[in-house]
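entry_11.txt (compact mmCIF, C-alpha atoms) appears below.
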```txt
# COMPACT_ATOMS: atom_id res chain seq x y z
CA PRO A 1 5.33 37.47 -36.95
CA ALA A 2 6.94 37.50 -40.40
CA MET A 3 10.40 36.70 -39.04
CA LEU A 4 9.00 33.91 -36.87
CA GLY A 5 7.14 32.52 -39.88
CA LEU A 6 10.32 32.68 -41.99
CA THR A 7 12.18 30.82 -39.25
CA VAL A 8 9.61 28.03 -39.30
CA VAL A 9 9.66 27.62 -43.10
CA ALA A 10 13.39 28.26 -43.56
CA HIS A 11 14.17 24.93 -45.25
CA PRO A 12 11.31 24.81 -47.78
CA PHE A 13 11.69 28.57 -48.38
CA VAL A 14 15.35 28.22 -49.31
CA ASN A 15 14.68 25.13 -51.45
CA ILE A 16 11.91 26.87 -53.42
CA VAL A 17 13.13 30.45 -53.61
CA LEU A 18 16.90 29.99 -53.81
CA GLY A 19 17.28 26.36 -54.89
CA ARG A 20 18.59 23.21 -53.24
CA ARG A 21 22.26 24.14 -53.59
CA TRP A 22 21.61 27.05 -51.21
CA GLY A 23 20.39 24.63 -48.52
CA PRO A 24 22.91 25.76 -45.87
CA VAL A 25 21.32 29.23 -45.90
CA ALA A 26 18.31 27.71 -44.13
CA GLY A 27 20.46 27.22 -41.04
CA LEU A 28 21.35 30.91 -41.14
CA LEU A 29 17.69 31.88 -41.42
CA PHE A 30 16.93 29.68 -38.46
CA VAL A 31 19.43 31.71 -36.41
CA VAL A 32 18.75 35.21 -37.71
CA GLY A 33 14.94 34.87 -37.94
CA PRO A 34 14.32 35.10 -34.18
CA LEU A 35 17.01 37.78 -34.00
CA GLY A 36 15.11 39.76 -36.63
CA MET A 37 12.04 39.60 -34.40
CA ILE A 38 13.98 41.18 -31.56
CA GLN A 39 15.77 43.71 -33.75
CA SER A 40 12.59 44.91 -35.43
CA VAL A 41 11.40 46.19 -32.07
CA VAL A 42 14.60 47.06 -30.21
CA THR A 43 16.24 49.16 -32.93
CA LEU A 44 13.25 51.51 -32.93
CA VAL A 45 14.24 52.76 -29.48
CA ASN A 46 17.16 54.61 -31.08
CA LEU A 47 14.62 57.27 -32.00
CA ILE A 48 14.23 58.02 -28.30
CA TYR A 49 17.80 59.31 -28.10
CA ASN A 50 17.18 61.72 -30.97
CA VAL A 51 13.79 62.91 -29.72
CA LYS A 52 15.23 63.57 -26.26
CA GLY A 53 18.27 65.36 -27.74
CA ARG A 54 20.70 62.72 -26.46
CA SER A 55 22.38 61.54 -29.64
CA ASP A 56 25.63 61.76 -27.65
CA LEU A 57 24.44 58.81 -25.54
CA LEU A 58 23.39 56.92 -28.66
CA PHE A 59 26.85 57.45 -30.14
CA ARG A 60 28.73 56.31 -27.02
CA TRP A 61 26.56 53.25 -26.43
CA GLY A 62 26.66 52.52 -30.16
CA LEU A 63 30.46 52.35 -30.04
CA PHE A 64 30.28 49.95 -27.10
CA PHE A 65 27.60 47.72 -28.64
CA CYS A 66 29.26 47.64 -32.05
CA SER A 67 32.61 46.72 -30.50
CA LEU A 68 31.03 43.73 -28.77
CA GLU A 69 29.19 42.72 -31.94
CA VAL A 70 32.41 42.81 -33.98
CA LEU A 71 34.08 40.76 -31.25
CA SER A 72 31.28 38.21 -31.62
CA PHE A 73 32.16 37.86 -35.33
CA PHE A 74 35.71 36.93 -34.46
CA ILE A 75 34.56 34.48 -31.80
CA GLY A 76 32.21 32.78 -34.28
CA LEU A 77 34.81 32.54 -37.08
CA ALA A 78 36.11 29.23 -35.74
CA TRP A 79 32.76 27.64 -36.69
CA GLY A 80 32.34 29.22 -40.12
CA ILE A 81 29.46 31.38 -41.26
CA GLN A 82 26.96 29.53 -39.08
CA GLY A 83 29.21 30.20 -36.07
CA VAL A 84 29.49 33.89 -36.95
CA ALA A 85 25.71 34.21 -37.27
CA THR A 86 25.11 32.32 -34.03
CA ALA A 87 27.72 34.31 -32.07
CA TYR A 88 26.27 37.57 -33.41
CA ALA A 89 22.72 36.48 -32.51
CA ILE A 90 23.81 35.56 -28.99
CA ALA A 91 25.71 38.83 -28.51
CA TRP A 92 22.85 40.91 -29.89
CA SER A 93 20.31 39.11 -27.74
CA ILE A 94 22.38 39.61 -24.59
CA LEU A 95 22.78 43.30 -25.42
CA ALA A 96 19.07 43.75 -26.19
CA LEU A 97 18.16 44.47 -22.57
CA PRO A 98 20.71 47.30 -22.12
CA ARG A 99 19.61 48.65 -25.53
CA LEU A 100 16.15 49.04 -24.02
CA VAL A 101 16.95 50.09 -20.46
CA ILE A 102 19.18 53.02 -21.33
CA PRO A 103 16.81 54.95 -23.63
CA PHE A 104 13.77 53.92 -21.58
CA ARG A 105 15.26 55.81 -18.64
CA LEU A 106 15.05 58.96 -20.76
CA ILE A 107 11.27 58.58 -21.10
CA HIS A 108 10.55 56.94 -17.74
CA LEU A 109 9.44 53.63 -19.25
CA THR A 110 10.21 50.26 -17.68
CA VAL A 111 11.10 47.15 -19.64
CA PRO A 112 8.25 45.18 -17.99
CA ALA A 113 5.75 47.85 -19.08
CA PHE A 114 7.15 47.70 -22.61
CA ILE A 115 6.93 43.89 -22.71
CA LYS A 116 3.40 44.04 -21.32
CA ALA A 117 2.42 46.32 -24.20
CA LEU A 118 4.01 43.96 -26.74
CA TRP A 119 2.66 40.78 -25.15
CA PRO A 120 -0.68 40.54 -27.02
CA ILE A 121 1.00 40.56 -30.44
CA LEU A 122 3.89 38.40 -29.25
CA LYS A 123 1.43 35.84 -27.86
CA ILE A 124 -0.46 35.71 -31.17
CA SER A 125 2.85 35.39 -33.05
CA LEU A 126 4.06 32.54 -30.85
CA ILE A 127 0.79 30.63 -31.26
CA MET A 128 1.01 31.21 -35.02
CA GLY A 129 4.58 29.94 -35.03
CA ALA A 130 3.61 26.81 -33.10
CA ALA A 131 0.68 26.11 -35.45
CA ALA A 132 2.86 26.66 -38.52
CA PHE A 133 5.56 24.41 -37.07
CA GLY A 134 3.00 21.67 -36.37
CA CYS A 135 1.64 21.99 -39.91
CA LEU A 136 5.12 21.81 -41.42
CA ARG A 137 6.03 18.76 -39.33
CA ALA A 138 2.82 16.99 -40.40
CA LEU A 139 3.55 17.78 -44.05
CA MET A 140 7.12 16.52 -43.67
CA TRP A 141 5.81 13.35 -42.01
CA ILE A 142 3.61 12.58 -45.02
CA HIS A 143 6.51 13.48 -47.35
CA ALA A 144 4.80 16.45 -49.01
CA GLY A 145 6.98 18.35 -51.45
CA ALA A 146 8.77 21.57 -50.56
CA VAL A 147 6.26 23.70 -52.51
CA VAL A 148 3.34 22.23 -50.57
CA GLN A 149 5.26 22.55 -47.31
CA LEU A 150 6.03 26.22 -47.93
CA PHE A 151 2.65 27.39 -49.14
CA ALA A 152 0.44 25.26 -46.90
CA THR A 153 2.45 26.25 -43.83
CA ALA A 154 2.31 29.92 -44.84
CA VAL A 155 -1.46 29.74 -45.32
CA VAL A 156 -1.96 28.01 -41.95
CA GLY A 157 0.29 30.54 -40.23
CA LEU A 158 -1.48 33.49 -41.83
CA ALA A 159 -4.93 32.08 -41.06
CA VAL A 160 -4.04 31.42 -37.41
CA TYR A 161 -2.44 34.86 -37.02
CA LEU A 162 -5.30 36.78 -38.61
CA GLY A 163 -7.91 34.64 -36.86
CA LEU A 164 -6.39 35.26 -33.43
CA LEU A 165 -5.87 38.92 -34.24
CA LEU A 166 -9.55 39.34 -35.07
CA TRP A 167 -10.72 37.16 -32.19
CA TRP A 168 -8.61 38.74 -29.41
CA ARG A 169 -8.60 42.23 -30.96
CA PRO A 170 -5.49 43.59 -29.20
CA ALA A 171 -5.24 47.33 -28.67
CA VAL A 172 -2.87 47.73 -31.60
CA LEU A 173 -5.57 46.41 -33.95
CA ALA A 174 -8.05 48.96 -32.64
CA ASP A 175 -5.43 51.67 -33.15
CA PHE A 176 -4.81 50.46 -36.71
CA LEU A 177 -8.53 50.32 -37.54
CA HIS A 178 -9.01 53.80 -36.08
CA LEU A 179 -6.15 55.05 -38.27
CA LEU A 180 -7.83 53.58 -41.35
CA GLU A 181 -11.04 55.48 -40.55
```
Turn the structure described in the file into structure tokens.
Amino acid sequence: PAMLGLTVVAHPFVNIVLGRRWGPVAGLLFVVGPLGMIQSVVTLVNLIYNVKGRSDLLFRWGLFFCSLEVLSFFIGLAWGIQGVATAYAIAWSILALPRLVIPFRLIHLTVPAFIKALWPILKISLIMGAAAFGCLRALMWIHAGAVVQLFATAVVGLAVYLGLLLWWRPAVLADFLHLLE
């Protein structure tokens, strides 16, 4: 949810936190924000290789994936830094499925079962992102300043996320609350 929220508020975030002269960075955040959402989940599966004693597979697949990612940098160079970021995001997103399938075979987990487990939080995150986007667009329409855009959108996003989390109470919340006990 944090990466999705950062994607939504990329422009006011960059203007407030980094300054207006860093404006082009907002375009990069818009590309790498959704990628960060995917990476935050997918990179955790590397632990499966180690737990199952198959770091050899992780190494071999890592060489393959990294080679394609480096190739994506060269492909994107023709369009500058935005092109490099976009090409990398596309390559990483395409390779996300094999990054899941291979280690999941080691623990007999299917990608649909994994997505089904993630769906409740992803659904809440997507609704939060849509609400934050709507809020930001409304604030832009009335010509609110960047500070108001950033903080009001962040508050709306947080309120929607927490509200839905408490209302729908996905299993992960119950697990978290049980851990706190």
Gap from atom CA of A:Asp175 to atom CA of A:Leu162 - Å, one decimal: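 One can read the atom CA of A:Asp175 to atom CA of A:Leu162 distance as 15.9 Å.
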Nearest to A:Ala89 by atom-to-atom distance, counting only C-alpha atoms, from A:Ile127, A:Ile38, A:Val25, A:Ala117: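 So, comparing all the options, the nearest one is A:Ile38.
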10 Å contact set for A:Val156, only C-alpha atoms, chain neighbours under 5 positions out, as a ChimeraX atom specification: /A:128-129,131-136,151,161-162
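Of note, atom CA of A:Phe30 and atom CA of A:Gly83 are spaced 12.5 Å apart.
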Atomic separation - atom CA of A:Thr86 relative to atom CA of A:Glu69, Å: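 Here the two named atoms are 11.4 Å from each other.
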Counting only C-alpha atoms, which residues of stretch 83-168 of chain A fall within 12 Å of stretch 63-66 of chain A, and what is the closest atom pair for each with its distance in Å at one decimal, ordered by chain and rising number, as a tab-separated table?
```
residue	atom	partner	partner_atom	distance
A:Tyr88	CA	A:Cys66	CA	10.6
A:Ala91	CA	A:Phe65	CA	9.1
A:Trp92	CA	A:Phe65	CA	8.4
A:Ser93	CA	A:Phe65	CA	11.3
A:Ile94	CA	A:Phe65	CA	10.5
A:Leu95	CA	A:Phe65	CA	7.3
A:Ala96	CA	A:Phe65	CA	9.7
A:Leu97	CA	A:Phe65	CA	11.7
A:Pro98	CA	A:Phe65	CA	9.5
A:Arg99	CA	A:Phe65	CA	8.6
```
Best match for closeness to A:Pro1 among A:Ile124, A:Leu68, A:Ala174, A:Val148, counting all atoms listed in the file: A:Ile124
Shell around stretch 3-8 of chain A at 9 Å using only C-alpha atoms, local window under 2 positions removed, as a list in words: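 Contacts, in chain order: Pro1, Ala10, His11, Phe13, Ala26, Leu29, Phe30, Val31, Val32, Gly33, Pro34, Leu35, Gly36, Met37, Ser125, Leu126, Met128, Gly129, Ala130, Ala132, Phe133, Leu136, Thr153, Ala154, Gly157 and Leu158 of chain A.
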Which of A:Val51, A:Val41, A:Gly163, A:Trp79 sits closest to A:Leu122 [using all atoms listed in the file]: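 Result for the nearest residue to A:Leu122: A:Val41.
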Test item: residues at most 9 Å from A:Ile16, all atoms listed in the file, excluding those fewer than 5 positions along its chain, as JSON, numbers by chain: {"A": [11, 146, 147, 150]}
Using only C-alpha atoms: which of A:Pro170, A:Ile90, A:Ser40, A:Ile48 has the shortest distance to A:Ala2: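 For A:Ala2, the nearest of the given residues is A:Ser40.
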For A:Gln82, the nearest of the candidates A:Ile102, A:Leu165, A:Leu28, A:Ala159, counting all atoms listed in the file: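 When distances to A:Gln82 are compared using all atoms listed in the file, the smallest one comes from A:Leu28.
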